[in-house]
$ cat structure_37.tsv   # TSV, C-alpha atoms
chain	number	residue	atom	x	y	z
W	26	MET	CA	169.23	244.75	-1.78
W	27	SER	CA	167.76	243.40	1.48
W	28	ASP	CA	167.93	245.40	4.68
W	29	PRO	CA	170.98	244.62	6.88
W	30	TRP	CA	170.16	242.28	9.75
W	31	LEU	CA	172.92	243.76	11.95
W	32	THR	CA	173.14	247.33	13.26
W	33	ILE	CA	176.26	248.53	15.10
W	34	ILE	CA	175.36	251.39	17.44
W	35	GLY	CA	177.79	253.61	19.30
W	36	ILE	CA	176.51	254.42	22.78
W	37	GLY	CA	177.92	256.81	25.36
W	38	GLU	CA	177.79	257.05	29.13
W	39	ASP	CA	174.53	259.01	28.79
W	40	GLY	CA	172.83	255.82	27.65
W	41	VAL	CA	169.70	255.68	25.50
W	42	ALA	CA	169.00	259.38	26.10
W	43	GLY	CA	172.12	260.31	24.18
W	44	LEU	CA	171.28	258.19	21.13
W	45	SER	CA	169.94	259.63	17.90
W	46	GLN	CA	166.37	258.86	16.91
W	47	ALA	CA	167.66	256.41	14.30
W	48	SER	CA	169.62	254.51	16.96
W	49	GLN	CA	166.64	254.43	19.31
W	50	ASP	CA	164.43	253.14	16.49
W	51	ALA	CA	166.96	250.37	15.80
W	52	LEU	CA	166.89	249.36	19.47
W	53	THR	CA	163.09	249.26	19.40
W	54	ALA	CA	163.14	247.01	16.34
W	55	ALA	CA	165.83	244.64	17.63
W	56	ALA	CA	165.05	241.03	18.49
W	57	VAL	CA	168.53	240.68	20.01
W	58	ILE	CA	170.88	243.21	21.62
W	59	MET	CA	174.45	241.99	22.02
W	60	ALA	CA	176.99	244.08	23.92
W	61	PRO	CA	179.47	244.09	26.80
W	62	GLN	CA	177.61	243.81	30.10
W	63	ARG	CA	178.34	247.48	30.93
W	64	HIS	CA	176.49	248.61	27.83
W	65	LEU	CA	173.59	246.23	28.46
W	66	ASP	CA	173.30	247.72	31.94
W	67	LEU	CA	173.17	251.22	30.43
W	68	VAL	CA	170.22	250.17	28.31
W	69	VAL	CA	168.35	248.21	30.99
W	70	ASN	CA	168.78	250.87	33.68
W	71	ASP	CA	168.07	253.85	31.44
W	72	ALA	CA	164.92	255.87	32.00
W	73	LEU	CA	164.17	255.42	28.31
W	74	ALA	CA	164.59	251.65	28.45
W	75	THR	CA	160.94	251.39	27.42
W	76	SER	CA	162.31	251.85	23.90
W	77	VAL	CA	163.58	248.26	24.27
W	78	PRO	CA	160.55	245.97	24.06
W	79	ALA	CA	159.99	243.24	26.61
W	80	GLY	CA	161.22	239.92	25.29
W	81	THR	CA	164.24	241.34	23.52
W	82	ASP	CA	167.16	238.97	24.06
W	83	LEU	CA	170.09	240.64	25.82
W	84	ILE	CA	173.33	238.74	25.16
W	85	PRO	CA	176.59	239.74	26.90
W	86	TRP	CA	179.57	239.86	24.55
W	87	PRO	CA	181.98	237.14	25.73
W	88	VAL	CA	185.62	237.46	26.74
W	89	PRO	CA	187.92	237.13	24.84
W	90	PHE	CA	186.36	239.44	22.30
W	91	ALA	CA	187.07	237.16	19.32
W	92	ASP	CA	184.72	234.52	20.73
W	93	GLY	CA	181.81	236.89	20.18
W	94	ILE	CA	182.16	236.89	16.37
W	95	ALA	CA	181.03	233.27	16.00
W	96	LEU	CA	178.19	233.88	18.46
W	97	LEU	CA	177.11	236.95	16.50
W	98	ALA	CA	177.23	234.98	13.23
W	99	SER	CA	174.89	232.40	14.72
W	100	LEU	CA	172.25	235.14	15.06
W	101	ARG	CA	172.23	235.84	11.32
W	102	GLY	CA	168.68	236.20	10.06
W	103	GLN	CA	167.38	237.92	13.19
W	104	ARG	CA	167.22	241.67	13.76
W	105	VAL	CA	170.36	242.24	15.85
W	106	VAL	CA	171.88	245.34	17.45
W	107	VAL	CA	175.47	245.39	18.72
W	108	LEU	CA	176.33	248.17	21.16
W	109	ALA	CA	179.86	249.55	21.35
W	110	SER	CA	181.44	252.59	22.99
W	111	GLY	CA	181.15	255.98	21.27
W	112	ASP	CA	182.43	255.72	17.72
W	113	PRO	CA	182.90	251.95	17.13
W	114	PHE	CA	185.28	252.61	14.24
W	115	TRP	CA	187.86	254.63	16.19
W	116	PHE	CA	189.91	252.18	18.27
W	117	GLY	CA	186.67	250.27	18.75
W	118	ALA	CA	185.02	246.98	17.85
W	119	GLY	CA	183.38	248.22	14.66
W	120	SER	CA	186.15	247.39	12.19
W	121	VAL	CA	186.59	243.86	13.59
W	122	ILE	CA	182.86	243.17	13.24
W	123	ALA	CA	182.64	244.80	9.81
W	124	ARG	CA	185.42	242.71	8.28
W	125	SER	CA	183.78	239.53	9.60
W	126	PHE	CA	180.55	240.05	7.65
W	127	GLY	CA	179.52	241.11	4.17
W	128	THR	CA	178.93	244.80	3.55
W	129	SER	CA	175.24	244.13	2.83
W	130	GLU	CA	174.76	242.49	6.24
W	131	TRP	CA	175.45	245.42	8.53
W	132	THR	CA	174.97	249.12	9.00
W	133	ALA	CA	176.46	251.46	11.60
W	134	LEU	CA	175.18	254.38	13.67
W	135	PRO	CA	178.23	255.80	15.47
W	136	GLY	CA	178.12	258.16	18.43
W	137	PRO	CA	180.65	260.76	19.57
W	138	SER	CA	184.02	259.21	20.42
W	139	CYS	CA	185.64	259.74	23.80
W	140	PHE	CA	188.37	261.64	21.91
W	141	SER	CA	185.81	264.14	20.60
W	142	LEU	CA	184.20	264.47	24.03
W	143	ALA	CA	187.58	264.97	25.73
W	144	ALA	CA	188.73	267.58	23.20
W	145	ALA	CA	185.44	269.43	23.60
W	146	ARG	CA	185.78	269.40	27.38
W	147	LEU	CA	189.28	270.88	27.26
W	148	GLY	CA	188.88	273.13	24.22
W	149	TRP	CA	191.62	271.31	22.30
W	150	ALA	CA	191.82	271.22	18.51
W	151	LEU	CA	191.30	267.54	17.81
W	152	GLU	CA	193.16	267.65	14.49
W	153	LYS	CA	196.27	268.82	16.38
W	154	THR	CA	195.94	266.18	19.10
W	155	THR	CA	197.38	262.65	18.94
W	156	CYS	CA	194.75	260.03	19.83
W	157	LEU	CA	195.83	256.55	20.91
W	158	GLY	CA	194.01	253.44	22.03
W	159	LEU	CA	195.94	252.01	24.99
W	160	HIS	CA	193.06	249.94	26.38
W	161	ALA	CA	194.59	246.85	24.73
W	162	ALA	CA	198.14	248.02	24.03
W	163	PRO	CA	201.29	248.66	26.12
W	164	MET	CA	202.27	252.10	27.39
W	165	THR	CA	205.35	251.96	25.15
W	166	ARG	CA	203.12	252.93	22.21
W	167	LEU	CA	203.43	256.44	23.64
W	168	ARG	CA	207.20	256.57	23.17
W	169	ARG	CA	207.42	258.10	19.69
W	170	HIS	CA	204.87	260.78	20.65
W	171	LEU	CA	206.53	262.03	23.84
W	172	THR	CA	207.94	265.48	23.25
W	173	PRO	CA	207.41	268.63	25.33
W	174	GLY	CA	204.35	270.55	24.19
W	175	ALA	CA	202.60	267.56	22.64
W	176	ARG	CA	198.95	266.94	23.45
W	177	LEU	CA	197.67	263.37	23.55
W	178	ILE	CA	194.36	261.72	24.39
W	179	VAL	CA	194.56	258.03	25.27
W	180	THR	CA	192.05	255.36	26.23
W	181	LEU	CA	192.99	253.00	29.06
W	182	ARG	CA	191.81	249.50	29.97
W	183	ASP	CA	190.68	250.43	33.50
W	184	GLY	CA	191.13	252.85	36.39
W	185	GLU	CA	194.32	251.19	37.66
W	186	ALA	CA	196.02	251.94	34.34
W	187	VAL	CA	196.01	255.67	35.18
W	188	SER	CA	198.79	255.08	37.74
W	189	GLU	CA	200.65	252.89	35.23
W	190	LEU	CA	200.47	255.69	32.67
W	191	ALA	CA	201.79	258.21	35.19
W	192	SER	CA	204.63	255.90	36.21
W	193	TYR	CA	205.62	255.39	32.59
W	194	LEU	CA	205.81	259.14	31.99
W	195	VAL	CA	207.78	259.78	35.19
W	196	ALA	CA	210.25	256.98	34.41
W	197	ARG	CA	211.06	258.65	31.09
W	198	GLY	CA	211.56	262.11	32.52
W	199	PHE	CA	208.17	263.58	31.64
W	200	ASN	CA	207.05	263.95	35.26
W	201	ASP	CA	205.98	267.59	34.68
W	202	SER	CA	203.25	266.46	32.31
W	203	THR	CA	199.68	267.44	33.14
W	204	LEU	CA	197.10	264.65	33.15
W	205	HIS	CA	193.39	265.30	32.71
W	206	VAL	CA	191.76	262.08	33.90
W	207	MET	CA	188.18	261.71	32.67
W	208	GLU	CA	185.89	259.05	34.13
W	209	HIS	CA	182.46	258.17	32.72
W	210	LEU	CA	182.91	260.98	30.22
W	211	GLY	CA	179.62	262.44	29.02
W	212	GLY	CA	177.47	260.58	31.53
W	213	PRO	CA	175.81	261.39	34.87
W	214	GLN	CA	178.90	260.15	36.78
W	215	ASP	CA	181.25	262.28	34.69
W	216	ARG	CA	184.33	263.33	36.69
W	217	LEU	CA	187.44	265.26	35.67
W	218	THR	CA	190.65	265.15	37.73
W	219	THR	CA	193.65	267.27	36.72
W	220	CYS	CA	197.11	266.65	38.22
W	221	ARG	CA	200.79	266.30	37.40
W	222	ALA	CA	202.08	262.90	36.32
W	223	ASP	CA	204.21	262.67	39.47
W	224	ALA	CA	201.27	263.54	41.73
W	225	VAL	CA	198.62	261.02	40.65
W	226	ALA	CA	196.73	259.73	43.69
W	227	GLY	CA	193.47	258.01	44.51
W	228	THR	CA	191.44	255.55	42.47
W	229	PHE	CA	189.64	255.92	39.17
W	230	GLU	CA	186.72	254.12	37.60
W	231	HIS	CA	186.31	252.56	34.18
W	232	PRO	CA	185.58	253.76	31.53
W	233	VAL	CA	188.43	256.24	31.66
W	234	CYS	CA	190.47	258.24	29.19
W	235	VAL	CA	193.32	260.63	29.87
W	236	ALA	CA	194.37	263.80	28.08
W	237	ILE	CA	198.11	264.48	28.43
W	238	GLU	CA	199.97	267.75	28.10
W	239	VAL	CA	203.54	266.49	27.76
W	240	ALA	CA	206.22	268.35	29.73
W	241	GLY	CA	209.53	267.53	31.38
W	242	ASN	CA	213.17	266.87	30.61
W	243	GLY	CA	212.73	263.44	29.07
W	244	THR	CA	214.47	262.56	25.81
W	245	ALA	CA	212.27	262.95	22.76
W	246	LEU	CA	212.85	260.89	19.65
W	247	SER	CA	213.95	262.70	16.51
W	248	VAL	CA	211.38	263.03	13.72
W	249	ALA	CA	214.22	262.65	11.20
W	250	THR	CA	216.33	259.59	10.45
W	251	GLY	CA	219.40	259.06	12.57
W	252	GLN	CA	218.27	258.55	16.16
W	253	ALA	CA	220.97	258.85	18.83
W	254	ASP	CA	222.94	255.62	19.17
W	255	ASP	CA	221.92	255.21	22.81
W	256	THR	CA	218.29	254.94	21.69
W	257	PHE	CA	219.13	251.28	21.04
W	258	GLN	CA	220.67	248.73	23.38
W	259	SER	CA	223.57	247.00	21.63
W	260	ASP	CA	226.75	245.02	22.16
W	261	GLY	CA	228.56	247.37	19.82
W	262	GLN	CA	227.14	245.77	16.67
W	263	ILE	CA	225.13	248.75	15.48
W	264	THR	CA	224.97	250.92	12.38
W	265	LYS	CA	226.12	254.24	13.82
W	266	ARG	CA	223.95	257.32	13.57
W	267	PRO	CA	225.49	259.14	10.53
W	268	ILE	CA	225.69	255.94	8.46
W	269	ARG	CA	222.22	254.93	9.63
W	270	ALA	CA	220.76	258.27	8.53
W	271	ILE	CA	222.30	257.91	5.07
W	272	THR	CA	221.17	254.28	4.85
W	273	LEU	CA	217.55	255.06	5.77
W	274	SER	CA	217.52	257.90	3.27
W	275	THR	CA	218.76	255.53	0.56
W	276	LEU	CA	216.20	252.89	1.52
W	277	ALA	CA	213.56	255.62	0.96
W	278	PRO	CA	210.81	254.27	3.27
W	279	LYS	CA	207.24	254.67	2.09
W	280	ALA	CA	203.99	254.13	3.95
W	281	ARG	CA	202.75	250.51	4.13
W	282	GLU	CA	206.05	249.04	2.93
W	283	HIS	CA	207.83	246.00	4.39
W	284	LEU	CA	211.59	245.80	5.02
W	285	TRP	CA	214.04	242.93	5.37
W	286	ASP	CA	216.94	243.89	7.67
W	287	ILE	CA	219.51	241.14	7.11
W	288	GLY	CA	222.11	240.87	9.88
W	289	GLY	CA	220.06	242.87	12.38
W	290	GLY	CA	222.68	243.43	15.12
W	291	SER	CA	220.82	245.83	17.42
W	292	GLY	CA	217.93	246.16	14.96
W	293	SER	CA	218.53	249.90	14.58
W	294	ILE	CA	217.83	250.02	10.82
W	295	ALA	CA	214.58	248.07	11.08
W	296	LEU	CA	213.48	250.03	14.13
W	297	GLU	CA	214.09	253.41	12.52
W	298	TRP	CA	212.22	252.15	9.46
W	299	LEU	CA	209.25	251.36	11.73
W	300	LEU	CA	209.43	254.75	13.46
W	301	ALA	CA	209.12	256.48	10.10
W	302	HIS	CA	205.40	255.68	9.74
W	303	PRO	CA	202.83	253.68	11.74
W	304	THR	CA	201.78	251.57	8.72
W	305	MET	CA	205.26	250.21	8.03
W	306	THR	CA	206.43	246.70	8.94
W	307	ALA	CA	209.76	244.89	9.01
W	308	THR	CA	211.45	241.54	9.43
W	309	THR	CA	214.95	241.45	10.87
W	310	ILE	CA	217.10	238.38	10.26
W	311	GLU	CA	219.69	237.72	12.97
W	312	PRO	CA	221.66	234.48	13.51
W	313	ARG	CA	222.62	235.10	17.16
W	314	ALA	CA	219.95	234.39	19.76
W	315	ASP	CA	221.25	237.03	22.21
W	316	ARG	CA	221.11	239.74	19.57
W	317	ALA	CA	217.67	238.62	18.41
W	318	ALA	CA	216.45	238.94	22.01
W	319	ARG	CA	218.00	242.41	22.25
W	320	ILE	CA	216.26	243.47	19.02
W	321	ARG	CA	212.92	242.38	20.47
W	322	LYS	CA	213.65	244.34	23.65
W	323	ASN	CA	214.54	247.46	21.66
W	324	ALA	CA	211.34	247.12	19.68
W	325	GLU	CA	209.28	246.85	22.87
W	326	GLU	CA	210.93	249.95	24.36
W	327	LEU	CA	210.06	251.94	21.23
W	328	GLY	CA	206.50	250.61	21.05
W	329	VAL	CA	206.89	249.03	17.60
W	330	GLU	CA	207.12	245.34	18.56
W	331	HIS	CA	203.72	244.59	17.00
W	332	ARG	CA	205.06	245.57	13.57
W	333	LEU	CA	208.38	243.69	13.74
W	334	ASP	CA	209.10	240.02	13.10
W	335	VAL	CA	212.45	238.63	14.21
W	336	ALA	CA	213.69	235.64	12.23
W	337	GLU	CA	216.50	233.83	14.04
W	338	GLY	CA	218.89	232.26	11.55
W	339	ALA	CA	221.48	233.05	8.94
W	340	ALA	CA	220.79	234.26	5.42
W	341	PRO	CA	220.23	233.03	2.78
W	342	ASN	CA	218.46	229.97	4.26
W	343	ALA	CA	216.59	232.03	6.89
W	344	LEU	CA	214.98	234.09	4.11
W	345	ASP	CA	212.82	231.23	2.86
W	346	GLY	CA	209.14	231.61	3.68
W	347	LEU	CA	209.35	235.19	4.87
W	348	ARG	CA	206.85	237.82	3.83
W	349	ALA	CA	207.97	239.41	0.56
W	350	PRO	CA	209.82	242.72	1.07
W	351	ASP	CA	209.51	246.07	-0.65
W	352	ALA	CA	213.04	247.00	0.43
W	353	ILE	CA	216.05	245.02	1.68
W	354	PHE	CA	219.01	246.13	3.76
W	355	ILE	CA	222.08	243.96	4.25
W	356	GLY	CA	224.26	245.14	7.10
W	357	GLY	CA	225.79	241.84	8.20
W	358	GLY	CA	226.39	238.36	6.85
W	359	LEU	CA	227.16	239.63	3.35
W	360	SER	CA	228.12	236.87	0.91
W	361	GLN	CA	227.73	236.04	-2.76
W	362	HIS	CA	225.01	233.53	-1.86
W	363	VAL	CA	223.02	236.18	0.00
W	364	LEU	CA	223.39	238.67	-2.87
W	365	ASP	CA	222.31	236.05	-5.40
W	366	LYS	CA	219.22	235.32	-3.31
W	367	VAL	CA	218.04	238.90	-2.81
W	368	LEU	CA	218.72	239.87	-6.43
W	369	THR	CA	215.97	237.46	-7.49
W	370	LEU	CA	213.42	239.59	-5.61
W	371	ASN	CA	211.63	242.67	-6.88
W	372	ALA	CA	212.71	244.94	-4.03
W	373	ARG	CA	214.90	248.00	-3.52
W	374	LEU	CA	218.28	246.96	-2.19
W	375	VAL	CA	220.84	248.72	0.00
W	376	VAL	CA	224.01	246.95	1.15
W	377	ASN	CA	226.73	248.29	3.47
W	378	ALA	CA	230.20	246.74	3.61
W	379	VAL	CA	233.30	247.64	5.63
W	380	THR	CA	235.71	244.85	4.67
W	381	LEU	CA	237.80	244.64	1.51
W	382	GLU	CA	236.11	241.35	0.69
W	383	GLY	CA	232.66	242.92	1.02
W	384	GLU	CA	233.77	245.92	-1.02
W	385	ALA	CA	234.94	243.61	-3.80
W	386	LEU	CA	231.57	241.83	-3.84
W	387	LEU	CA	229.72	245.12	-4.12
W	388	ALA	CA	232.01	246.49	-6.82
W	389	ALA	CA	231.42	243.37	-8.91
W	390	ALA	CA	227.66	243.48	-8.26
W	391	GLN	CA	227.46	247.12	-9.32
W	392	ALA	CA	229.41	246.39	-12.50
W	393	GLU	CA	226.97	243.60	-13.38
W	394	HIS	CA	223.64	244.99	-12.20
W	395	GLY	CA	224.12	248.76	-12.12
W	396	GLY	CA	222.86	250.90	-9.29
W	397	GLU	CA	224.89	253.37	-7.24
W	398	LEU	CA	228.14	252.63	-5.47
W	399	MET	CA	229.17	255.11	-2.78
W	400	ARG	CA	232.06	255.25	-0.32
W	401	ILE	CA	231.25	256.98	2.98
W	402	ALA	CA	234.27	258.12	4.96
W	403	LEU	CA	233.72	259.84	8.33
W	404	SER	CA	236.18	261.42	10.72
W	405	HIS	CA	235.71	262.66	14.28
W	406	VAL	CA	237.79	265.05	16.35
W	407	SER	CA	239.91	263.31	18.97
W	408	PRO	CA	242.92	264.24	21.15
W	409	LEU	CA	246.26	264.31	19.36
W	410	GLY	CA	248.89	264.87	22.02
W	411	PRO	CA	248.15	268.26	23.61
W	412	LYS	CA	246.06	269.26	20.61
W	413	ARG	CA	243.29	267.76	18.49
W	414	GLY	CA	243.13	265.95	15.17
W	415	TRP	CA	240.83	263.93	12.97
W	416	ALA	CA	240.36	260.23	13.75
W	417	SER	CA	239.00	258.35	10.76
W	418	ALA	CA	236.44	255.57	11.11
W	419	TYR	CA	236.49	252.58	8.80
W	420	PRO	CA	234.95	253.71	5.51
W	421	VAL	CA	231.65	252.16	4.51
W	422	VAL	CA	230.97	251.16	0.93
W	423	GLN	CA	227.28	251.28	0.10
W	424	TRP	CA	225.66	249.77	-2.95
W	425	SER	CA	222.05	250.63	-3.73
W	426	LEU	CA	219.85	249.24	-6.47
W	427	SER	CA	216.35	250.50	-7.25
W	428	ARG	CA	213.76	248.15	-8.76
$ encode --input "structure_37.tsv" --output "structure tokens"
Amino acid sequence: MSDPWLTIIGIGEDGVAGLSQASQDALTAAAVIMAPQRHLDLVVNDALATSVPAGTDLIPWPVPFADGIALLASLRGQRVVVLASGDPFWFGAGSVIARSFGTSEWTALPGPSCFSLAAARLGWALEKTTCLGLHAAPMTRLRRHLTPGARLIVTLRDGEAVSELASYLVARGFNDSTLHVMEHLGGPQDRLTTCRADAVAGTFEHPVCVAIEVAGNGTALSVATGQADDTFQSDGQITKRPIRAITLSTLAPKAREHLWDIGGGSGSIALEWLLAHPTMTATTIEPRADRAARIRKNAEELGVEHRLDVAEGAAPNALDGLRAPDAIFIGGGLSQHVLDKVLTLNARLVVNAVTLEGEALLAAAQAEHGGELMRIALSHVSPLGPKRGWASAYPVVQWSLSR
């Protein structure tokens, strides 16, 4: 096997001095060094820059990032080093570069990640700390992790994003949270600023990461199925919490699976499916444009919009061309045509019906195809004259079929 022509090196704010001997040797041997301008400056201005021979081509990585892959490919055959921050394979560029080239073409020499450096600075157990890359993602990705007592370390795109992070926390009631703002972590300009989320002031320099000790009276999401109904904006078309909890349990979500949520309404079933695990994806099918827009908004608020597709249209026609599901939920738009369509697919199926017509369809389907038929009847206490009594909700008939 020939030696790889490409070496991916993780570099910190301490520049060449902080690199291992193997990384320094790779720099010395490089004909081309390609990196963001900030990293090129670290190398050029470093006291040990003599390890980079005169005549080495220094190529700034272009913006947007994707444009750099073709440029890098054009250098194939030369001895090339790509510099990236810290550990390039933890919320970094490493995985994008690696999947663009054959495994025999590249090797990697990672450095300490900013998460490791931050945890070491604060004395936090990294395995008990949630680490998130928010340098290219919205603040809403924090939502499912916000609970009092949680510890998070997040990367941010620039210094201005520190105030945006603080504002996001305050707006959700976590204004008592402590922020440890770390600039140029591990380098000669290293600076640590500790303050409450509602007391962030001044300016901060990139690169920056923030460690968060979550505190306050904000509402935390449940780690079980059955989020509070007001977690989702709706026009009343929503699978209510107790039924939703039973439905999600019956759907039995598993990591990396894909769901079809037919008749999305508020999107609550698909959104709780996505909250169950960060590798899960979903498509919700909703014929009304206003409800489809509301589903997208709910997904954005919960930070799961990147894992949800919203297909506007009515089943069964709107199902054509969609990514194949592992599980299917039908909560609206139930018809014989829709059942016939989904029964041709190799996916777990859960269907809820509240009308007599829907109940009849499900009873016939269960008689023909098997599965479990269940009637869910709920009652809630309500005033009954001067006293109290039970007010019954419409019963839900649920048919489930495992494949």
$ residues_near_point --input "structure_37.tsv" --point "(190.6, 261.0, 33.6)" --cutoff "10 Å" --atoms "all atoms listed in the file" --output "ChimeraX atom specification"
/W:143,178-181,184,187,204-210,215-220,229-237
$ write_last_selection --input "structure_37.tsv" --atoms "C-alpha atoms" --output "PDB file, in the coordinates of the input"
ATOM      1  CA  ALA W 143     187.580 264.970  25.730  1.00  0.00           C
ATOM      2  CA  ILE W 178     194.360 261.720  24.390  1.00  0.00           C
ATOM      3  CA  VAL W 179     194.560 258.030  25.270  1.00  0.00           C
ATOM      4  CA  THR W 180     192.050 255.360  26.230  1.00  0.00           C
ATOM      5  CA  LEU W 181     192.990 253.000  29.060  1.00  0.00           C
ATOM      6  CA  GLY W 184     191.130 252.850  36.390  1.00  0.00           C
ATOM      7  CA  VAL W 187     196.010 255.670  35.180  1.00  0.00           C
ATOM      8  CA  LEU W 204     197.100 264.650  33.150  1.00  0.00           C
ATOM      9  CA  HIS W 205     193.390 265.300  32.710  1.00  0.00           C
ATOM     10  CA  VAL W 206     191.760 262.080  33.900  1.00  0.00           C
ATOM     11  CA  MET W 207     188.180 261.710  32.670  1.00  0.00           C
ATOM     12  CA  GLU W 208     185.890 259.050  34.130  1.00  0.00           C
ATOM     13  CA  HIS W 209     182.460 258.170  32.720  1.00  0.00           C
ATOM     14  CA  LEU W 210     182.910 260.980  30.220  1.00  0.00           C
ATOM     15  CA  ASP W 215     181.250 262.280  34.690  1.00  0.00           C
ATOM     16  CA  ARG W 216     184.330 263.330  36.690  1.00  0.00           C
ATOM     17  CA  LEU W 217     187.440 265.260  35.670  1.00  0.00           C
ATOM     18  CA  THR W 218     190.650 265.150  37.730  1.00  0.00           C
ATOM     19  CA  THR W 219     193.650 267.270  36.720  1.00  0.00           C
ATOM     20  CA  CYS W 220     197.110 266.650  38.220  1.00  0.00           C
ATOM     21  CA  PHE W 229     189.640 255.920  39.170  1.00  0.00           C
ATOM     22  CA  GLU W 230     186.720 254.120  37.600  1.00  0.00           C
ATOM     23  CA  HIS W 231     186.310 252.560  34.180  1.00  0.00           C
ATOM     24  CA  PRO W 232     185.580 253.760  31.530  1.00  0.00           C
ATOM     25  CA  VAL W 233     188.430 256.240  31.660  1.00  0.00           C
ATOM     26  CA  CYS W 234     190.470 258.240  29.190  1.00  0.00           C
ATOM     27  CA  VAL W 235     193.320 260.630  29.870  1.00  0.00           C
ATOM     28  CA  ALA W 236     194.370 263.800  28.080  1.00  0.00           C
ATOM     29  CA  ILE W 237     198.110 264.480  28.430  1.00  0.00           C
TER      30      ILE W 237
END
$ residues_around --input "structure_37.tsv" --residues "region 157-173 of chain W" --least-positions-apart "3" --cutoff "10 Å" --atoms "only C-alpha atoms" --output "ChimeraX atom specification"
/W:115-117,140,154,176-183,186,189-194,197,199,201-202,232-234,237-248,300-301,324-331
$ closest_residue --input "structure_37.tsv" --among "W:Ala317, W:Leu96, W:Leu147, W:Ile287" --to "Ala343 (chain W)" --atoms "only C-alpha atoms"
W:Ile287
$ atom_distance --input "structure_37.tsv" --atom1 "CA of Val363 (chain W)" --atom2 "CA of Thr264 (chain W)"
19.3 Å
$ residues_around --input "structure_37.tsv" --residues "Ser404 (chain W)" --least-positions-apart "6" --cutoff "12 Å" --atoms "all atoms listed in the file" --output "JSON list (two decimals) with C-alpha atoms, keeping the file's coordinate frame"
[["chain", "number", "residue", "atom", "x", "y", "z"],
["W", 267, "PRO", "CA", 225.49, 259.14, 10.53],
["W", 414, "GLY", "CA", 243.13, 265.95, 15.17],
["W", 415, "TRP", "CA", 240.83, 263.93, 12.97],
["W", 416, "ALA", "CA", 240.36, 260.23, 13.75],
["W", 417, "SER", "CA", 239.00, 258.35, 10.76],
["W", 418, "ALA", "CA", 236.44, 255.57, 11.11],
["W", 419, "TYR", "CA", 236.49, 252.58, 8.80],
["W", 420, "PRO", "CA", 234.95, 253.71, 5.51]]
$ closest_residue --input "structure_37.tsv" --among "W:Lys322, W:Lys412, W:Arg104, W:Arg63" --to "Trp86 (chain W)" --atoms "only C-alpha atoms"
W:Arg63
$ closest_residue --input "structure_37.tsv" --among "W:Met305, W:Val106, W:Ala175, W:Ala224" --to "Trp149 (chain W)" --atoms "only C-alpha atoms"
W:Ala175
$ closest_residue --input "structure_37.tsv" --among "W:Ala95, W:Ile355, W:Val77, W:Cys139" --to "Gly211 (chain W)" --atoms "all atoms listed in the file"
W:Cys139
$ closest_residue --input "structure_37.tsv" --among "W:Ser138, W:Gln46, W:Gln361, W:Thr275" --to "Leu426 (chain W)" --atoms "all atoms listed in the file"
W:Thr275
$ residues_around --input "structure_37.tsv" --residues "Gly288 (chain W)" --least-positions-apart "4" --cutoff "8 Å" --atoms "all atoms listed in the file" --output "mmCIF file with C-alpha atoms, keeping the file's coordinate frame"
data_model
loop_
_atom_site.group_PDB
_atom_site.id
_atom_site.type_symbol
_atom_site.label_atom_id
_atom_site.label_comp_id
_atom_site.auth_asym_id
_atom_site.auth_seq_id
_atom_site.Cartn_x
_atom_site.Cartn_y
_atom_site.Cartn_z
ATOM 1 C CA THR W 309 214.950 241.450 10.870
ATOM 2 C CA ILE W 310 217.100 238.380 10.260
ATOM 3 C CA GLU W 311 219.690 237.720 12.970
ATOM 4 C CA PRO W 312 221.660 234.480 13.510
ATOM 5 C CA ALA W 339 221.480 233.050 8.940
ATOM 6 C CA ILE W 355 222.080 243.960 4.250
ATOM 7 C CA GLY W 356 224.260 245.140 7.100
ATOM 8 C CA GLY W 357 225.790 241.840 8.200
ATOM 9 C CA GLY W 358 226.390 238.360 6.850
#
$ atom_distance --input "structure_37.tsv" --atom1 "CA of Gly111 (chain W)" --atom2 "CA of Gly37 (chain W)"
5.3 Å
$ atom_distance --input "structure_37.tsv" --atom1 "CA of Leu97 (chain W)" --atom2 "CA of Trp30 (chain W)"
11.1 Å
$ residues_around --input "structure_37.tsv" --residues "Gly136 (chain W)" --least-positions-apart "4" --cutoff "7 Å" --atoms "all atoms listed in the file" --output "mmCIF file with C-alpha atoms, keeping the file's coordinate frame"
data_model
loop_
_atom_site.group_PDB
_atom_site.id
_atom_site.type_symbol
_atom_site.label_atom_id
_atom_site.label_comp_id
_atom_site.auth_asym_id
_atom_site.auth_seq_id
_atom_site.Cartn_x
_atom_site.Cartn_y
_atom_site.Cartn_z
ATOM 1 C CA GLY W 35 177.790 253.610 19.300
ATOM 2 C CA ILE W 36 176.510 254.420 22.780
ATOM 3 C CA GLY W 111 181.150 255.980 21.270
ATOM 4 C CA ASP W 112 182.430 255.720 17.720
#
$ residues_around --input "structure_37.tsv" --residues "Ala98 (chain W)" --least-positions-apart "5" --cutoff "9 Å" --atoms "only C-alpha atoms" --output "PyMOL selection string"
chain W and resi 93+125-126
$ closest_residue --input "structure_37.tsv" --among "W:Ile271, W:Pro61, W:Phe354, W:Asp254" --to "Ala402 (chain W)" --atoms "all atoms listed in the file"
W:Ile271
